[in-house]
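Asks: Before anything else, here's the structure in question.
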Amino acid sequence: MRLSESASGNWLLRTLSCAGCGVVALWGFALLLGSMMGPYRLIGQSGECRSNLMRVTRAFQLYADDYEDSYPPAEKWNLSVGPYLDKPDRLRCPTVVQANPNGFGYAMDSRIAGRMRSRIDVPAKTPIVFDSSNLAANAADALKSLPKPGRHRGKRGRGEPIRAGNNIGYGDGSVRMQFDAVGAGTQP
C-alpha cells in the first residue's frame, strides 16, 4: 500500500479479528499448560516446606547447643528457635500461607519439649517438628495433628505415582515425607 492510499475499514476489521484470535489462542495455551503444571507446583511447595523443616530442625539443634543440650519448651518453641533461622517465614508452611496468611502449619512434637537431646535414643526416628493441621503459632502435640489427607505431594521413588503425605523433621536433622496409606480414603 502506498502513502497516498488509505486502508479500507474491512482490512482493519480483519486485522483486529486475527489479533484477537491470536490472543485467545495464547490464553488457551497458557491455561492448558498451567493445568498440566499444577501437580508440579504442588511438588515445588512440598520441596520448599521440606527445606523449611530442615532449617527448623537445625535451629532446634543450635538451640540445644546453647541451652545445656535441652530442647525448648513447647509453649514457646517458635520464639525459641526463631533467632536461629535466616528468616522468620521458615516457621510457616508455604502451602498453609497460600490459603491462610496468618497460619503457621508446623507443630513441635510435645514428647521432646524440654528434654535433653543426649537422652533421645534414636534421633533418626524421633520427630521434632512436623506438618500440622493446627495452624496456630507454637502448636505442639504428639503427632496427633498431622493433616489427613497429607498436605503435600511427592514420590517415594523414580517411576512411582505422586502421592499425598506430610513432612516430618527428625532429631538427626533429616526431613522425610510420611506418605498417606493407599486405600485409606486418600488419593494415591
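Identifiers in this document derive from the order of the C-alpha cells: chains are assigned A, B, ..., residues are numbered from 1 separately in each chain, and ligands are numbered from 1 in order of occurrence.
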Tell me, which residues of segment 44-124 of chain A carry DSSP strand (DSSP E), written as a list in words?
Replies: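 Filtering segment 44-124 of chain A to strand (DSSP E) leaves Tyr106, Ala107, Met108 and Asp109 of chain A.
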Asks: Got a sec to tell me which of segment 38-79 of chain A DSSP assigns to helix (DSSP H, G or I), as a ChimeraX atom specification?
Replies: /A:38-66,74-79
Asks: Store the residues of this selection in a file with N, CA and C atoms, as a compact mmCIF listing (two decimals), in the first residue's frame.
Replies:
```
# COMPACT_ATOMS: atom_id res chain seq x y z
N GLY A 38 0.13 -27.97 37.28
CA GLY A 38 -0.39 -27.86 38.63
C GLY A 38 0.23 -28.84 39.62
N PRO A 39 0.30 -30.14 39.29
CA PRO A 39 0.92 -31.08 40.23
C PRO A 39 2.38 -30.74 40.51
N TYR A 40 3.08 -30.22 39.53
CA TYR A 40 4.49 -29.87 39.74
C TYR A 40 4.63 -28.65 40.66
N ARG A 41 3.66 -27.76 40.62
CA ARG A 41 3.66 -26.62 41.54
C ARG A 41 3.50 -27.13 42.96
N LEU A 42 2.62 -28.12 43.15
CA LEU A 42 2.43 -28.69 44.48
C LEU A 42 3.69 -29.39 44.97
N ILE A 43 4.37 -30.07 44.08
CA ILE A 43 5.63 -30.72 44.45
C ILE A 43 6.67 -29.67 44.81
N GLY A 44 6.66 -28.55 44.11
CA GLY A 44 7.58 -27.45 44.43
C GLY A 44 7.32 -26.90 45.82
N GLN A 45 6.05 -26.75 46.18
CA GLN A 45 5.72 -26.28 47.53
C GLN A 45 6.15 -27.31 48.57
N SER A 46 6.03 -28.59 48.23
CA SER A 46 6.47 -29.64 49.15
C SER A 46 7.97 -29.55 49.39
N GLY A 47 8.72 -29.25 48.33
CA GLY A 47 10.17 -29.10 48.46
C GLY A 47 10.53 -27.90 49.31
N GLU A 48 9.79 -26.81 49.16
CA GLU A 48 10.03 -25.61 49.96
C GLU A 48 9.72 -25.89 51.43
N CYS A 49 8.65 -26.62 51.69
CA CYS A 49 8.29 -26.99 53.05
C CYS A 49 9.38 -27.88 53.65
N ARG A 50 9.86 -28.84 52.89
CA ARG A 50 10.93 -29.73 53.36
C ARG A 50 12.17 -28.91 53.72
N SER A 51 12.50 -27.94 52.88
CA SER A 51 13.64 -27.07 53.14
C SER A 51 13.43 -26.27 54.43
N ASN A 52 12.21 -25.74 54.62
CA ASN A 52 11.90 -25.01 55.85
C ASN A 52 12.09 -25.91 57.08
N LEU A 53 11.55 -27.12 57.01
CA LEU A 53 11.64 -28.02 58.16
C LEU A 53 13.08 -28.44 58.43
N MET A 54 13.89 -28.57 57.38
CA MET A 54 15.29 -28.90 57.59
C MET A 54 15.99 -27.78 58.37
N ARG A 55 15.68 -26.55 58.00
CA ARG A 55 16.28 -25.41 58.71
C ARG A 55 15.74 -25.29 60.14
N VAL A 56 14.46 -25.60 60.32
CA VAL A 56 13.88 -25.54 61.66
C VAL A 56 14.48 -26.63 62.55
N THR A 57 14.67 -27.84 62.03
CA THR A 57 15.30 -28.89 62.85
C THR A 57 16.74 -28.50 63.18
N ARG A 58 17.42 -27.87 62.25
CA ARG A 58 18.78 -27.38 62.52
C ARG A 58 18.73 -26.30 63.60
N ALA A 59 17.70 -25.45 63.59
CA ALA A 59 17.54 -24.42 64.61
C ALA A 59 17.31 -25.07 65.99
N PHE A 60 16.58 -26.18 66.04
CA PHE A 60 16.40 -26.91 67.30
C PHE A 60 17.76 -27.40 67.82
N GLN A 61 18.61 -27.90 66.91
CA GLN A 61 19.93 -28.38 67.31
C GLN A 61 20.78 -27.23 67.86
N LEU A 62 20.74 -26.08 67.18
CA LEU A 62 21.50 -24.92 67.63
C LEU A 62 20.99 -24.41 68.98
N TYR A 63 19.68 -24.43 69.15
CA TYR A 63 19.10 -24.04 70.43
C TYR A 63 19.63 -24.96 71.53
N ALA A 64 19.61 -26.27 71.29
CA ALA A 64 20.09 -27.22 72.29
C ALA A 64 21.58 -27.00 72.58
N ASP A 65 22.36 -26.65 71.57
CA ASP A 65 23.78 -26.35 71.80
C ASP A 65 23.95 -25.19 72.77
N ASP A 66 23.09 -24.20 72.68
CA ASP A 66 23.21 -23.01 73.52
C ASP A 66 22.53 -23.14 74.89
N ALA A 74 7.52 -26.43 74.85
CA ALA A 74 6.52 -26.49 73.78
C ALA A 74 5.73 -25.20 73.63
N GLU A 75 5.44 -24.53 74.73
CA GLU A 75 4.56 -23.37 74.67
C GLU A 75 5.18 -22.14 74.01
N LYS A 76 6.50 -22.15 73.79
CA LYS A 76 7.12 -21.01 73.11
C LYS A 76 8.26 -21.43 72.19
N TRP A 77 8.08 -22.56 71.53
CA TRP A 77 9.16 -23.07 70.68
C TRP A 77 9.44 -22.17 69.48
N ASN A 78 8.41 -21.53 68.91
CA ASN A 78 8.64 -20.62 67.77
C ASN A 78 9.58 -19.48 68.15
N LEU A 79 9.32 -18.86 69.30
CA LEU A 79 10.16 -17.77 69.77
C LEU A 79 11.57 -18.26 70.11
```
Asks: For Arg117 of chain A, which residue among A:Val182, A:Asn134, A:Gly165, A:Asp172 is the nearest when counting only C-alpha atoms?
Replies: A:Asp172
Asks: Pick from A:Ala140, A:Ile120, A:Cys93, A:Asp86: nearest to Ala107 of chain A, with only C-alpha atoms counted?
Replies: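 That would be A:Ala140, the residue with the smallest distance to Ala107 of chain A.
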Asks: Rank nothing, just name the residue among A:Ala19, A:Val97, A:Leu12, A:Met108 nearest to Ile168 of chain A, using only C-alpha atoms.
Replies: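 Closest to Ile168 of chain A, using only C-alpha atoms: A:Met108.
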Asks: So that I can check the surroundings of Ser133 of chain A, please list as a ChimeraX atom specification every protein, DNA and RNA residue that reaches within 12 Å of it, counting only C-alpha atoms and ignoring chain neighbours fewer than 4 positions away.
Replies: /A:93,95-96,103-107,137,139-141,143-151,166
Asks: With N, CA and C atoms retained, export the selected residues as a short mmCIF file (atom, residue, chain, number, x, y, z; two decimals), in the first residue's frame.
Replies:
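The file below, part-v3.cif, is the result:
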```cif
data_model
loop_
_atom_site.label_atom_id
_atom_site.label_comp_id
_atom_site.auth_asym_id
_atom_site.auth_seq_id
_atom_site.Cartn_x
_atom_site.Cartn_y
_atom_site.Cartn_z
N CYS A 93 4.49 -22.95 56.83
CA CYS A 93 4.40 -23.84 55.68
C CYS A 93 3.89 -23.05 54.48
N THR A 95 2.34 -23.93 51.81
CA THR A 95 1.00 -24.33 51.38
C THR A 95 -0.05 -23.69 52.29
N VAL A 96 0.22 -23.62 53.57
CA VAL A 96 -0.71 -23.01 54.52
C VAL A 96 -0.81 -21.51 54.28
N GLY A 103 -1.62 -18.25 59.15
CA GLY A 103 -1.38 -19.59 59.67
C GLY A 103 0.09 -19.96 59.66
N PHE A 104 0.46 -20.89 60.51
CA PHE A 104 1.83 -21.39 60.59
C PHE A 104 1.94 -22.77 59.95
N GLY A 105 1.23 -23.76 60.46
CA GLY A 105 1.18 -25.07 59.82
C GLY A 105 2.23 -26.06 60.28
N TYR A 106 3.08 -25.68 61.25
CA TYR A 106 4.07 -26.60 61.80
C TYR A 106 3.80 -26.76 63.30
N ALA A 107 4.08 -27.96 63.80
CA ALA A 107 3.94 -28.21 65.23
C ALA A 107 5.19 -28.93 65.73
N ALA A 137 0.55 -20.50 66.08
CA ALA A 137 1.96 -20.44 66.44
C ALA A 137 2.17 -21.32 67.68
N ALA A 139 2.23 -24.49 68.03
CA ALA A 139 1.41 -25.71 68.12
C ALA A 139 2.33 -26.85 68.56
N ALA A 140 1.81 -27.71 69.41
CA ALA A 140 2.60 -28.85 69.89
C ALA A 140 1.66 -29.99 70.27
N ASP A 141 2.00 -31.18 69.83
CA ASP A 141 1.29 -32.39 70.22
C ASP A 141 2.15 -33.58 69.81
N LEU A 143 2.25 -35.80 67.41
CA LEU A 143 1.92 -36.19 66.03
C LEU A 143 0.43 -36.46 65.83
N LYS A 144 -0.41 -35.90 66.68
CA LYS A 144 -1.86 -36.11 66.56
C LYS A 144 -2.49 -35.19 65.52
N SER A 145 -1.82 -34.09 65.17
CA SER A 145 -2.42 -33.11 64.26
C SER A 145 -1.86 -33.19 62.84
N LEU A 146 -1.28 -34.33 62.46
CA LEU A 146 -0.85 -34.48 61.07
C LEU A 146 -2.06 -34.34 60.16
N PRO A 147 -2.00 -33.51 59.13
CA PRO A 147 -3.15 -33.34 58.24
C PRO A 147 -3.53 -34.64 57.53
N LYS A 148 -4.84 -34.88 57.44
CA LYS A 148 -5.35 -36.07 56.74
C LYS A 148 -6.40 -35.62 55.75
N PRO A 149 -6.26 -35.80 54.47
CA PRO A 149 -5.08 -36.36 53.79
C PRO A 149 -3.89 -35.42 53.91
N GLY A 150 -2.73 -35.95 53.55
CA GLY A 150 -1.50 -35.19 53.65
C GLY A 150 -1.55 -33.89 52.86
N ARG A 151 -0.83 -32.91 53.36
CA ARG A 151 -0.84 -31.57 52.78
C ARG A 151 0.02 -31.48 51.52
N ASN A 166 2.89 -35.95 54.49
CA ASN A 166 3.30 -34.84 55.34
C ASN A 166 4.79 -34.92 55.62
#
```
Asks: Nearest residue to His152 of chain A out of A:Ser174, A:Asn167, A:Ser17, A:Asn138, using only C-alpha atoms?
Replies: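 Of the candidates, the smallest distance to His152 of chain A is held by A:Asn167.
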Asks: Go ahead and compute the interatomic distance for atom CA of Thr126 of chain A and atom CA of Lys155 of chain A, in Å to one decimal.
Replies: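 It comes out at 22.3 Å.
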Asks: Between A:Leu85, A:Val24, A:Met177, A:Leu91, which is the closest to Arg153 of chain A once you count only C-alpha atoms?
Replies: A:Met177
Asks: Restricting the calculation to only C-alpha atoms, which member of A:Cys21, A:Ala142, A:Gly169, A:Gly159 is positioned closest to Val129 of chain A?
Replies: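 The closest residue to Val129 of chain A is A:Gly169.
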Asks: Write out as JSON, numbers by chain each polymer residue whose atoms come within 6 Å of Ala113 of chain A, counting only C-alpha atoms; drop sequence neighbours fewer than 2 positions from it.
Replies: {"A": [71, 72, 73, 74, 110, 111, 115]}
Asks: Could you save the residues just selected, with C-alpha atoms, as a PDB file, in the first residue's frame?
Replies:
```
ATOM      1  CA  TYR A  71      15.131 -28.607  73.550  1.00  0.00           C
ATOM      2  CA  PRO A  72      12.831 -25.588  74.012  1.00  0.00           C
ATOM      3  CA  PRO A  73       9.550 -25.720  75.927  1.00  0.00           C
ATOM      4  CA  ALA A  74       6.517 -26.486  73.777  1.00  0.00           C
ATOM      5  CA  SER A 110       5.397 -32.348  72.564  1.00  0.00           C
ATOM      6  CA  ARG A 111       7.224 -35.513  73.691  1.00  0.00           C
ATOM      7  CA  ARG A 115      14.069 -32.917  77.013  1.00  0.00           C
TER       8      ARG A 115
END
```
